[in-house]
Amino acid sequence: MRILIKDGRVIDPGRLDDTADILIEDGKIIEIRPDIPVTSASRLIAASGKIVSPGLIDMHVHFREPGEEYKETIESGCRAAAHGGFTAVCTMPNTQPVNDNRQVTEYILKTASRCNGSRVYPVAAISPGLKGEGLCEYAELKEAGAIALSDDGNPVRNSLLMRRALEYAGGVGLPLISHSEETDLSAGAMNEGETATRLGIPGIPNAAESIAVMREIALCELTGVPVHIAHVSTAQSVHAIRDAKKRGIPVTAETAPHYFTLTDKAVDEYNTHAKMNPPLRSEADRNAVREGLADGTIDAIATDHAPHSVLEKEVEFDRAANGVVGLETSLALSLALVREKVLSLSQMIEKMSVNPARILGLETGLKIGGSADITIIDPEHNWTVKAEEFQSRSRNTPFEGWEMKGKAVLTMVEGIIVCSIL
Amino acid sequence: MQFTRKDILDTASLSAEEIIMILDTAEGMKGISQRAVKKVPTLRGQTVVLFFYEPSTRTRTSFDIAAKRLSADSISISASASSLVKGESLIDTARNLEAMNADIIVMRHSSSGAPHLLASRLKASVINAGDGTHAHPSQALLDMMTVRQKKGSFEGLRIAIIGDISHSRVARSNIAGFGKMGAHVTVAGPPTMIPKGIESLGCRVSHHMDGAIEDADVIMMLRIQKERQKGFLFPTEREYASVYGLNRKRLKKAKKDALILHPGPINRGVEISPDVADSPRSLILDQVNNGVAVRMALLYLVTGGGQNADTD
Ligand SMILES: [Zn+2]
């Protein structure tokens, strides 16, 4: 079957930004040009007024399978991703059991292959059990299908272990993602500052993150192996990464929509849906993160999609679990950055597709002969966030009730439409 | 005016008028405690649950006496008896209490914000008897009552609060409460004990005790908790006492009529020397006495007692 996407604004950052048609056959793009005759396809997708983008990639999500399927299964997660416009997600290894061995990696891939949604790329653990006491079998994990390594949720406290992990992973050819946190300093429940003081909640200073980011940069420089910094939330981290990049150190970074959208004021009234790790920071940090996105210091937007049920969230603030869901709100919040002129549309697509693919060695882009992983975006679509309508099994969003503008209206993975509201 | 609040969660959310009304009502309640028969039927048939997830004999006893003087039925539930320790969620435990038709839940909890969580979910009134490091409104109100008895009003008074401000719900509630009534609050302590942004609550910060107390009308000493040494907040009790303890020598630098308050229980010889604690300027026992009256007022007002205050 041939599919024709007609009259959309086709953007492939750095290569193409024009009104054009895309012809797809057997899961591959076979033609991109204006005025492809409609008779050449059996299915027509009218994309006039829409943006046709390479499939979006969320390089940082937590699906809870195996172990906590009541929060999210691989199936519900893939569906949520597809609804959010993502054709691929990278799942962090802090499942139960931890994805620190071939069996779990293969289980995730096998389960994902049966789901109708985004692709799933498993991230395996740096250390067995995320305990920070040794190295996992990276070569075997890579062979099983893991695409990166991270102890996300936990930092690697031991600097020698982190050094060796980088060196060894560099040899195997698996990128390393750092959850940067100095835990001696981070024994709090929200950002340190006025709001925490007023609410009587123990604070987490910015330095808890930036100290760890600076260590990773030092180890990156020492080993020459790339390091990717997950969920950057502070101005100091942005400055450190910017400086490191200027010096040619191969560090990359991501941030999440909640860090460029919200501040710690969202915690007011003990809102556990605004509790995550790292925590929401100050206005100055939020602005620094936006500047970091604008000038390329921060390469990627990733959600850190972290589903939790009411069991973990309808509790005392200091006992509530960290994390918010993000797959179904990420694109709209990123499009807001475009409207606010922080990013161009092309830059936004870079950060949500091109750069994650580059960092992780995945395929992306709209190329003849390439896989038809495509997201069609309606930038004018107005909608209201209603968590009860999420495809995700969890409802823990700080954006409930927000009026949004812009939505993925069609998500296609290898030529198969996995979600469409067209 | 009418008192229409269902819950008492903190002093920051009370208006100056509401604070005055609570203090005036408490003064009225004091008379009951001085009678031979210390009991009125005001809250007969009302059930007050004293839900203490964190041990506190003093505050619980004070609320218990207050409830009994108003003829309410009071029941104490402590952490060990509560199913919370067995893994039941706070909301479930509270719903059970409500199903038993509790009218007022007086709650002490180690988590800041726990009373907010309950109050937003329950029809019963919630009175915060201390939550984490957030608020302790009945303590602040009894402190204010004690000060008003001696000074007449709050306008322009200088209040110095000395000690571990970071971990003190009493400090936060007093900063908000006294500030709202027109007093000027200064907090003092080692920088390790002054939380970031505390000025935004409406106080000044000093790291020197002498400077903080020299023009103070009220000196409030906070209890120093030994276990805070684990967080490296101070080196030793000995050094703390010498730099931030209130003793006779240091008291000479304060005004002659400065009042001394302490929320108790006191560490004699640490934050306050025994002779100062027992001196006539120390109002520690007045505070305890006023505590019952303030808590009677709160129980009375949240049940709607203030609604017909004018016609009563
Ligand atoms: Zn993380």
# chains A, B, ... in the order shown; residues from 1 in each chain; ligands from 1

$ residues_near_ligand --ligand "ligand 1" --cutoff "12 Å" --atoms "only C-alpha atoms and all ligand atoms" --output "ChimeraX atom specification"
/A:59-62,91-94,130,150-156,177-181,209,228-233,254-256,276-279,302-306,322-324

$ residues_around --residues "range 78-82 of chain A" --least-positions-apart "3" --cutoff "9 Å" --atoms "only C-alpha atoms" --output "ChimeraX atom specification"
/A:58,63,73-75,85-89,112,115-120,327-328,390-393,408,410-413,418-420

$ select_by_dssp --residues "range 2-175 of chain B" --states "strand (DSSP E)" --output "JSON, numbers by chain"
{"B": [47, 48, 49, 50, 51, 52, 73, 74, 75, 76, 77, 78, 104, 105, 106, 107, 108, 109, 125, 126, 127, 128, 129, 130, 131, 158, 159, 160, 161, 162]}

$ closest_residue --among "B:Ile75, B:Ile162, B:Val126, B:Ala135" --to "Gly113 in chain B" --atoms "only C-alpha atoms"
B:Ala135

$ atom_distance --atom1 "CA of Ala124 in chain B" --atom2 "CA of Asp103 in chain B"
5.0 Å

$ select_by_dssp --residues "range 67-180 of chain B" --states "alpha helix (DSSP H)" --output "ChimeraX atom specification"
/B:67-69,90-99,114-121,137-151,169-180

$ write_last_selection --atoms "N, CA and C atoms" --output "short mmCIF file (atom, residue, chain, number, x, y, z; two decimals), in the first residue's frame"
data_model
loop_
_atom_site.label_atom_id
_atom_site.label_comp_id
_atom_site.auth_asym_id
_atom_site.auth_seq_id
_atom_site.Cartn_x
_atom_site.Cartn_y
_atom_site.Cartn_z
N ALA B 67 -10.82 20.50 75.06
CA ALA B 67 -12.04 19.83 74.57
C ALA B 67 -12.94 19.46 75.75
N LYS B 68 -12.35 18.94 76.81
CA LYS B 68 -13.15 18.49 77.96
C LYS B 68 -13.81 19.65 78.67
N ARG B 69 -13.13 20.80 78.76
CA ARG B 69 -13.73 21.97 79.41
C ARG B 69 -14.94 22.47 78.63
N LEU B 90 -2.75 8.03 54.93
CA LEU B 90 -3.28 9.07 55.80
C LEU B 90 -4.74 9.37 55.45
N ILE B 91 -5.01 9.43 54.16
CA ILE B 91 -6.38 9.76 53.74
C ILE B 91 -7.36 8.67 54.16
N ASP B 92 -6.95 7.42 54.02
CA ASP B 92 -7.83 6.33 54.45
C ASP B 92 -8.09 6.37 55.94
N THR B 93 -7.04 6.61 56.71
CA THR B 93 -7.21 6.69 58.16
C THR B 93 -8.18 7.82 58.51
N ALA B 94 -8.01 8.95 57.84
CA ALA B 94 -8.86 10.10 58.13
C ALA B 94 -10.31 9.83 57.73
N ARG B 95 -10.50 9.15 56.60
CA ARG B 95 -11.86 8.83 56.16
C ARG B 95 -12.55 7.93 57.17
N ASN B 96 -11.75 7.04 57.78
CA ASN B 96 -12.31 6.19 58.82
C ASN B 96 -12.75 7.01 60.02
N LEU B 97 -11.92 7.97 60.37
CA LEU B 97 -12.29 8.83 61.50
C LEU B 97 -13.57 9.59 61.19
N GLU B 98 -13.66 10.03 59.95
CA GLU B 98 -14.85 10.80 59.58
C GLU B 98 -16.09 9.92 59.56
N ALA B 99 -15.89 8.66 59.11
CA ALA B 99 -17.03 7.74 59.09
C ALA B 99 -17.56 7.51 60.51
N ALA B 114 0.59 17.89 55.87
CA ALA B 114 -0.35 16.78 56.09
C ALA B 114 -1.75 17.29 56.49
N PRO B 115 -1.86 18.31 57.36
CA PRO B 115 -3.21 18.79 57.69
C PRO B 115 -3.93 19.42 56.49
N HIS B 116 -3.16 20.04 55.57
CA HIS B 116 -3.77 20.58 54.34
C HIS B 116 -4.40 19.46 53.53
N LEU B 117 -3.66 18.36 53.44
CA LEU B 117 -4.14 17.22 52.67
C LEU B 117 -5.47 16.73 53.23
N LEU B 118 -5.53 16.61 54.56
CA LEU B 118 -6.77 16.14 55.19
C LEU B 118 -7.89 17.15 55.03
N ALA B 119 -7.56 18.41 55.28
CA ALA B 119 -8.60 19.44 55.27
C ALA B 119 -9.27 19.54 53.92
N SER B 120 -8.48 19.32 52.86
CA SER B 120 -9.05 19.44 51.52
C SER B 120 -9.94 18.25 51.17
N ARG B 121 -9.82 17.16 51.92
CA ARG B 121 -10.57 15.95 51.58
C ARG B 121 -11.76 15.70 52.51
N PRO B 137 0.01 26.69 64.52
CA PRO B 137 -0.77 27.91 64.76
C PRO B 137 -1.25 28.09 66.20
N SER B 138 -1.63 27.01 66.88
CA SER B 138 -2.13 27.21 68.25
C SER B 138 -1.02 27.69 69.16
N GLN B 139 0.21 27.25 68.88
CA GLN B 139 1.35 27.73 69.67
C GLN B 139 1.58 29.23 69.43
N ALA B 140 1.56 29.63 68.16
CA ALA B 140 1.78 31.04 67.86
C ALA B 140 0.68 31.90 68.48
N LEU B 141 -0.56 31.42 68.41
CA LEU B 141 -1.68 32.19 68.96
C LEU B 141 -1.57 32.33 70.47
N LEU B 142 -1.11 31.27 71.14
CA LEU B 142 -0.96 31.38 72.59
C LEU B 142 0.22 32.29 72.93
N ASP B 143 1.23 32.31 72.10
CA ASP B 143 2.34 33.24 72.30
C ASP B 143 1.84 34.68 72.15
N MET B 144 1.01 34.88 71.15
CA MET B 144 0.49 36.23 70.91
C MET B 144 -0.44 36.66 72.04
N MET B 145 -1.22 35.71 72.52
CA MET B 145 -2.12 36.02 73.64
C MET B 145 -1.30 36.44 74.87
N THR B 146 -0.21 35.70 75.11
CA THR B 146 0.64 35.98 76.26
C THR B 146 1.27 37.36 76.14
N VAL B 147 1.74 37.70 74.95
CA VAL B 147 2.37 39.00 74.73
C VAL B 147 1.34 40.12 74.87
N ARG B 148 0.15 39.90 74.31
CA ARG B 148 -0.86 40.95 74.38
C ARG B 148 -1.28 41.24 75.82
N GLN B 149 -1.31 40.19 76.65
CA GLN B 149 -1.67 40.39 78.05
C GLN B 149 -0.69 41.34 78.75
N LYS B 150 0.58 41.26 78.35
CA LYS B 150 1.60 42.07 79.02
C LYS B 150 1.82 43.42 78.35
N LYS B 151 1.65 43.44 77.02
CA LYS B 151 2.02 44.66 76.29
C LYS B 151 0.81 45.43 75.76
N ARG B 169 8.58 25.07 63.21
CA ARG B 169 7.23 25.47 62.80
C ARG B 169 6.72 26.59 63.70
N VAL B 170 7.20 26.61 64.96
CA VAL B 170 6.80 27.67 65.87
C VAL B 170 7.28 29.02 65.34
N ALA B 171 8.52 29.05 64.87
CA ALA B 171 9.07 30.30 64.33
C ALA B 171 8.25 30.77 63.13
N ARG B 172 7.98 29.87 62.19
CA ARG B 172 7.24 30.27 60.99
C ARG B 172 5.86 30.83 61.36
N SER B 173 5.18 30.15 62.29
CA SER B 173 3.83 30.61 62.64
C SER B 173 3.87 31.94 63.40
N ASN B 174 4.91 32.13 64.19
CA ASN B 174 5.02 33.40 64.91
C ASN B 174 5.42 34.55 64.00
N ILE B 175 6.31 34.28 63.05
CA ILE B 175 6.69 35.33 62.09
C ILE B 175 5.44 35.82 61.37
N ALA B 176 4.64 34.86 60.89
CA ALA B 176 3.43 35.24 60.14
C ALA B 176 2.42 35.92 61.05
N GLY B 177 2.21 35.37 62.24
CA GLY B 177 1.19 35.89 63.15
C GLY B 177 1.52 37.27 63.68
N PHE B 178 2.70 37.42 64.28
CA PHE B 178 3.08 38.74 64.83
C PHE B 178 3.19 39.77 63.71
N GLY B 179 3.74 39.32 62.58
CA GLY B 179 3.90 40.23 61.44
C GLY B 179 2.56 40.79 61.00
N LYS B 180 1.58 39.93 60.95
CA LYS B 180 0.24 40.34 60.52
C LYS B 180 -0.35 41.40 61.45
#

$ residues_around --residues "Thr59 in chain B" --least-positions-apart "4" --cutoff "10 Å" --atoms "only C-alpha atoms" --output "NGL selection string"
:B and (50 or 52 or 55 or 63-65 or 108 or 129-130 or 138-139 or 288 or 291-292 or 295)

$ closest_atom_pairs --of "chain A" --to "chain B" --cutoff "10 Å" --atoms "only C-alpha atoms" --output "JSON lines"
{"residue": "A:Glu192", "atom": "CA", "partner": "B:Lys196", "partner_atom": "CA", "distance": 7.0}
{"residue": "A:Gly193", "atom": "CA", "partner": "B:Lys196", "partner_atom": "CA", "distance": 5.2}
{"residue": "A:Glu194", "atom": "CA", "partner": "B:Gly197", "partner_atom": "CA", "distance": 4.4}
{"residue": "A:Thr195", "atom": "CA", "partner": "B:Gly197", "partner_atom": "CA", "distance": 8.0}
{"residue": "A:Ala196", "atom": "CA", "partner": "B:Lys196", "partner_atom": "CA", "distance": 8.5}
{"residue": "A:Thr197", "atom": "CA", "partner": "B:Pro195", "partner_atom": "CA", "distance": 6.2}
{"residue": "A:Arg198", "atom": "CA", "partner": "B:Leu201", "partner_atom": "CA", "distance": 6.9}
{"residue": "A:Leu199", "atom": "CA", "partner": "B:His134", "partner_atom": "CA", "distance": 5.5}
{"residue": "A:Gly200", "atom": "CA", "partner": "B:His134", "partner_atom": "CA", "distance": 3.9}
{"residue": "A:Ile201", "atom": "CA", "partner": "B:Ser112", "partner_atom": "CA", "distance": 6.3}
{"residue": "A:Pro202", "atom": "CA", "partner": "B:Thr133", "partner_atom": "CA", "distance": 8.4}
{"residue": "A:Gly203", "atom": "CA", "partner": "B:Lys196", "partner_atom": "CA", "distance": 8.9}
{"residue": "A:Pro205", "atom": "CA", "partner": "B:Lys196", "partner_atom": "CA", "distance": 9.9}
{"residue": "A:Glu269", "atom": "CA", "partner": "B:His116", "partner_atom": "CA", "distance": 7.5}
{"residue": "A:Tyr270", "atom": "CA", "partner": "B:Gly113", "partner_atom": "CA", "distance": 6.1}
{"residue": "A:Asn271", "atom": "CA", "partner": "B:Leu117", "partner_atom": "CA", "distance": 9.5}
{"residue": "A:Leu311", "atom": "CA", "partner": "B:Ser89", "partner_atom": "CA", "distance": 8.1}
{"residue": "A:Glu312", "atom": "CA", "partner": "B:Ser89", "partner_atom": "CA", "distance": 9.8}
{"residue": "A:Glu314", "atom": "CA", "partner": "B:Ile91", "partner_atom": "CA", "distance": 7.8}
{"residue": "A:Val315", "atom": "CA", "partner": "B:Leu90", "partner_atom": "CA", "distance": 6.7}
{"residue": "A:Glu316", "atom": "CA", "partner": "B:Ala114", "partner_atom": "CA", "distance": 5.3}
{"residue": "A:Phe317", "atom": "CA", "partner": "B:Gly113", "partner_atom": "CA", "distance": 6.8}
{"residue": "A:Asp318", "atom": "CA", "partner": "B:Ser111", "partner_atom": "CA", "distance": 6.3}
{"residue": "A:Arg319", "atom": "CA", "partner": "B:Ser111", "partner_atom": "CA", "distance": 8.0}

$ atom_distance --atom1 "CA of Arg395 in chain A" --atom2 "CA of Leu345 in chain A"
28.5 Å

$ residues_around --residues "Ala212 in chain B" --least-positions-apart "4" --cutoff "12 Å" --atoms "only C-alpha atoms" --output "JSON list (two decimals) with N, CA and C atoms, in the first residue's frame"
[["chain", "number", "residue", "atom", "x", "y", "z"],
["B", 158, "ARG", "N", 8.81, 44.83, 68.98],
["B", 158, "ARG", "CA", 9.94, 44.14, 68.35],
["B", 158, "ARG", "C", 10.07, 42.75, 68.96],
["B", 159, "ILE", "N", 9.99, 41.75, 68.10],
["B", 159, "ILE", "CA", 10.03, 40.35, 68.53],
["B", 159, "ILE", "C", 11.31, 39.72, 68.01],
["B", 160, "ALA", "N", 12.11, 39.15, 68.88],
["B", 160, "ALA", "CA", 13.31, 38.43, 68.44],
["B", 160, "ALA", "C", 13.08, 36.94, 68.64],
["B", 161, "ILE", "N", 13.28, 36.18, 67.60],
["B", 161, "ILE", "CA", 13.14, 34.71, 67.70],
["B", 161, "ILE", "C", 14.53, 34.13, 67.47],
["B", 162, "ILE", "N", 15.02, 33.37, 68.46],
["B", 162, "ILE", "CA", 16.41, 32.93, 68.43],
["B", 162, "ILE", "C", 16.47, 31.40, 68.38],
["B", 163, "GLY", "N", 17.22, 30.88, 67.42],
["B", 163, "GLY", "CA", 17.45, 29.44, 67.42],
["B", 163, "GLY", "C", 17.41, 28.84, 66.03],
["B", 184, "HIS", "N", 7.33, 43.82, 64.57],
["B", 184, "HIS", "CA", 8.51, 43.63, 63.72],
["B", 184, "HIS", "C", 9.29, 42.43, 64.25],
["B", 185, "VAL", "N", 9.45, 41.43, 63.42],
["B", 185, "VAL", "CA", 10.09, 40.20, 63.87],
["B", 185, "VAL", "C", 11.51, 40.12, 63.30],
["B", 186, "THR", "N", 12.45, 39.79, 64.18],
["B", 186, "THR", "CA", 13.83, 39.50, 63.75],
["B", 186, "THR", "C", 14.14, 38.08, 64.16],
["B", 187, "VAL", "N", 14.71, 37.31, 63.25],
["B", 187, "VAL", "CA", 15.14, 35.97, 63.63],
["B", 187, "VAL", "C", 16.66, 35.96, 63.70],
["B", 188, "ALA", "N", 17.19, 35.18, 64.63],
["B", 188, "ALA", "CA", 18.64, 35.10, 64.76],
["B", 188, "ALA", "C", 19.06, 33.67, 65.06],
["B", 189, "GLY", "N", 20.21, 33.34, 64.55],
["B", 189, "GLY", "CA", 20.76, 32.01, 64.78],
["B", 189, "GLY", "C", 21.97, 31.86, 63.88],
["B", 203, "CYS", "N", 10.24, 38.94, 57.90],
["B", 203, "CYS", "CA", 11.08, 39.16, 59.07],
["B", 203, "CYS", "C", 12.46, 39.61, 58.63],
["B", 204, "ARG", "N", 13.22, 40.12, 59.59],
["B", 204, "ARG", "CA", 14.62, 40.45, 59.32],
["B", 204, "ARG", "C", 15.47, 39.30, 59.84],
["B", 205, "VAL", "N", 16.70, 39.19, 59.33],
["B", 205, "VAL", "CA", 17.59, 38.12, 59.76],
["B", 205, "VAL", "C", 18.83, 38.73, 60.39],
["B", 206, "SER", "N", 19.22, 38.17, 61.52],
["B", 206, "SER", "CA", 20.48, 38.58, 62.14],
["B", 206, "SER", "C", 21.25, 37.33, 62.53],
["B", 207, "HIS", "N", 22.55, 37.41, 62.39],
["B", 207, "HIS", "CA", 23.35, 36.27, 62.83],
["B", 207, "HIS", "C", 23.99, 36.53, 64.20],
["B", 208, "HIS", "N", 23.69, 37.72, 64.75],
["B", 208, "HIS", "CA", 24.27, 38.06, 66.04],
["B", 208, "HIS", "C", 23.18, 38.20, 67.08],
["B", 216, "ALA", "N", 14.72, 44.39, 71.64],
["B", 216, "ALA", "CA", 13.53, 43.54, 71.54],
["B", 216, "ALA", "C", 12.59, 43.74, 72.73],
["B", 217, "ASP", "N", 11.29, 43.74, 72.46],
["B", 217, "ASP", "CA", 10.28, 43.74, 73.52],
["B", 217, "ASP", "C", 9.96, 42.31, 73.95],
["B", 218, "VAL", "N", 10.15, 41.38, 73.03],
["B", 218, "VAL", "CA", 9.89, 39.97, 73.32],
["B", 218, "VAL", "C", 11.06, 39.15, 72.79],
["B", 219, "ILE", "N", 11.59, 38.28, 73.62],
["B", 219, "ILE", "CA", 12.67, 37.38, 73.18],
["B", 219, "ILE", "C", 12.12, 35.96, 73.25],
["B", 220, "MET", "N", 12.04, 35.34, 72.09],
["B", 220, "MET", "CA", 11.51, 33.98, 72.05],
["B", 220, "MET", "C", 12.65, 33.02, 71.75],
["B", 221, "MET", "N", 12.90, 32.13, 72.69],
["B", 221, "MET", "CA", 13.99, 31.17, 72.53],
["B", 221, "MET", "C", 13.41, 29.85, 72.03],
["B", 244, "TYR", "N", 24.55, 31.46, 71.32],
["B", 244, "TYR", "CA", 23.12, 31.75, 71.09],
["B", 244, "TYR", "C", 22.24, 31.43, 72.30],
["B", 246, "LEU", "N", 20.48, 32.08, 75.96],
["B", 246, "LEU", "CA", 20.07, 33.27, 76.73],
["B", 246, "LEU", "C", 20.43, 33.05, 78.20],
["B", 250, "ARG", "N", 23.82, 37.98, 79.13],
["B", 250, "ARG", "CA", 23.36, 38.45, 77.82],
["B", 250, "ARG", "C", 22.04, 39.23, 77.96],
["B", 251, "LEU", "N", 21.24, 38.80, 78.93],
["B", 251, "LEU", "CA", 19.94, 39.45, 79.12],
["B", 251, "LEU", "C", 20.12, 40.91, 79.54],
["B", 253, "LYS", "N", 21.84, 43.00, 78.16],
["B", 253, "LYS", "CA", 21.90, 43.84, 76.95],
["B", 253, "LYS", "C", 20.51, 44.11, 76.40],
["B", 254, "ALA", "N", 19.52, 43.39, 76.91],
["B", 254, "ALA", "CA", 18.15, 43.59, 76.42],
["B", 254, "ALA", "C", 17.46, 44.68, 77.23],
["B", 255, "LYS", "N", 16.28, 45.10, 76.74],
["B", 255, "LYS", "CA", 15.51, 46.09, 77.48],
["B", 255, "LYS", "C", 15.06, 45.51, 78.82]]

$ atom_distance --atom1 "CA of Ile32 in chain A" --atom2 "CA of Ile51 in chain A"
14.3 Å

$ residues_around --residues "range 214-216 of chain A" --least-positions-apart "4" --cutoff "8 Å" --atoms "only C-alpha atoms" --output "list in words"
Ser178, Ser180, Ser210, Cys220, Val227, Ser237 and Ala240 of chain A

$ residues_around --residues "Arg164 in chain A" --least-positions-apart "6" --cutoff "10 Å" --atoms "only C-alpha atoms" --output "PyMOL selection string"
chain A and resi 134-135+170+219+223

$ write_last_selection --atoms "N, CA, C and O atoms" --output "PDB file, in the first residue's frame"
ATOM      1  N   GLY A 134      29.299  -1.945  40.601  1.00  0.00           N
ATOM      2  CA  GLY A 134      30.044  -2.686  39.579  1.00  0.00           C
ATOM      3  C   GLY A 134      29.503  -2.360  38.205  1.00  0.00           C
ATOM      4  O   GLY A 134      28.598  -1.527  38.071  1.00  0.00           O
ATOM      5  N   LEU A 135      30.048  -2.998  37.187  1.00  0.00           N
ATOM      6  CA  LEU A 135      29.605  -2.753  35.818  1.00  0.00           C
ATOM      7  C   LEU A 135      28.680  -3.871  35.363  1.00  0.00           C
ATOM      8  O   LEU A 135      28.934  -5.042  35.635  1.00  0.00           O
ATOM      9  N   GLY A 170      32.471   3.186  26.271  1.00  0.00           N
ATOM     10  CA  GLY A 170      33.041   3.777  25.063  1.00  0.00           C
ATOM     11  C   GLY A 170      33.600   2.701  24.146  1.00  0.00           C
ATOM     12  O   GLY A 170      33.440   2.749  22.922  1.00  0.00           O
ATOM     13  N   LEU A 219      34.998  13.924  34.092  1.00  0.00           N
ATOM     14  CA  LEU A 219      35.256  12.535  33.690  1.00  0.00           C
ATOM     15  C   LEU A 219      35.140  12.375  32.175  1.00  0.00           C
ATOM     16  O   LEU A 219      35.849  11.574  31.564  1.00  0.00           O
ATOM     17  N   THR A 223      38.198  10.966  30.026  1.00  0.00           N
ATOM     18  CA  THR A 223      38.120   9.731  29.247  1.00  0.00           C
ATOM     19  C   THR A 223      37.949   9.986  27.754  1.00  0.00           C
ATOM     20  O   THR A 223      38.205   9.092  26.943  1.00  0.00           O
TER      21      THR A 223
END

$ closest_residue --among "A:Leu56, A:Ala148, A:Ala165, A:Ala47" --to "Leu331 in chain A" --atoms "only C-alpha atoms"
A:Leu56

$ residues_around --residues "Glu137 in chain A" --least-positions-apart "4" --cutoff "8 Å" --atoms "only C-alpha atoms" --output "MDAnalysis selection string"
chainID A and resid 100:101 141

$ decode --residues "range 128-156 of chain A" --atoms "C-alpha atoms" --output "short mmCIF file (atom, residue, chain, number, x, y, z; two decimals), in the first residue's frame"
data_model
loop_
_atom_site.label_atom_id
_atom_site.label_comp_id
_atom_site.auth_asym_id
_atom_site.auth_seq_id
_atom_site.Cartn_x
_atom_site.Cartn_y
_atom_site.Cartn_z
CA PRO A 128 23.75 -4.18 38.51
CA GLY A 129 20.61 -3.32 40.46
CA LEU A 130 21.42 0.40 40.00
CA LYS A 131 23.50 -0.06 43.13
CA GLY A 132 26.63 1.64 41.88
CA GLU A 133 28.87 -1.23 42.89
CA GLY A 134 30.04 -2.69 39.58
CA LEU A 135 29.60 -2.75 35.82
CA CYS A 136 26.81 -4.54 33.98
CA GLU A 137 27.68 -6.68 30.98
CA TYR A 138 27.56 -3.91 28.42
CA ALA A 139 28.60 -5.99 25.41
CA GLU A 140 25.86 -8.51 26.01
CA LEU A 141 23.29 -5.80 26.75
CA LYS A 142 24.16 -4.11 23.48
CA GLU A 143 23.78 -7.37 21.63
CA ALA A 144 20.38 -7.87 23.29
CA GLY A 145 19.23 -4.50 22.00
CA ALA A 146 20.01 -1.91 24.66
CA ILE A 147 20.83 1.44 23.05
CA ALA A 148 22.33 3.31 26.01
CA LEU A 149 23.29 2.98 29.66
CA SER A 150 22.04 4.85 32.71
CA ASP A 151 21.43 4.30 36.41
CA ASP A 152 18.67 6.91 36.12
CA GLY A 153 16.84 7.51 39.35
CA ASN A 154 20.12 6.97 41.12
CA PRO A 155 23.36 8.79 40.50
CA VAL A 156 26.59 6.81 40.21
#
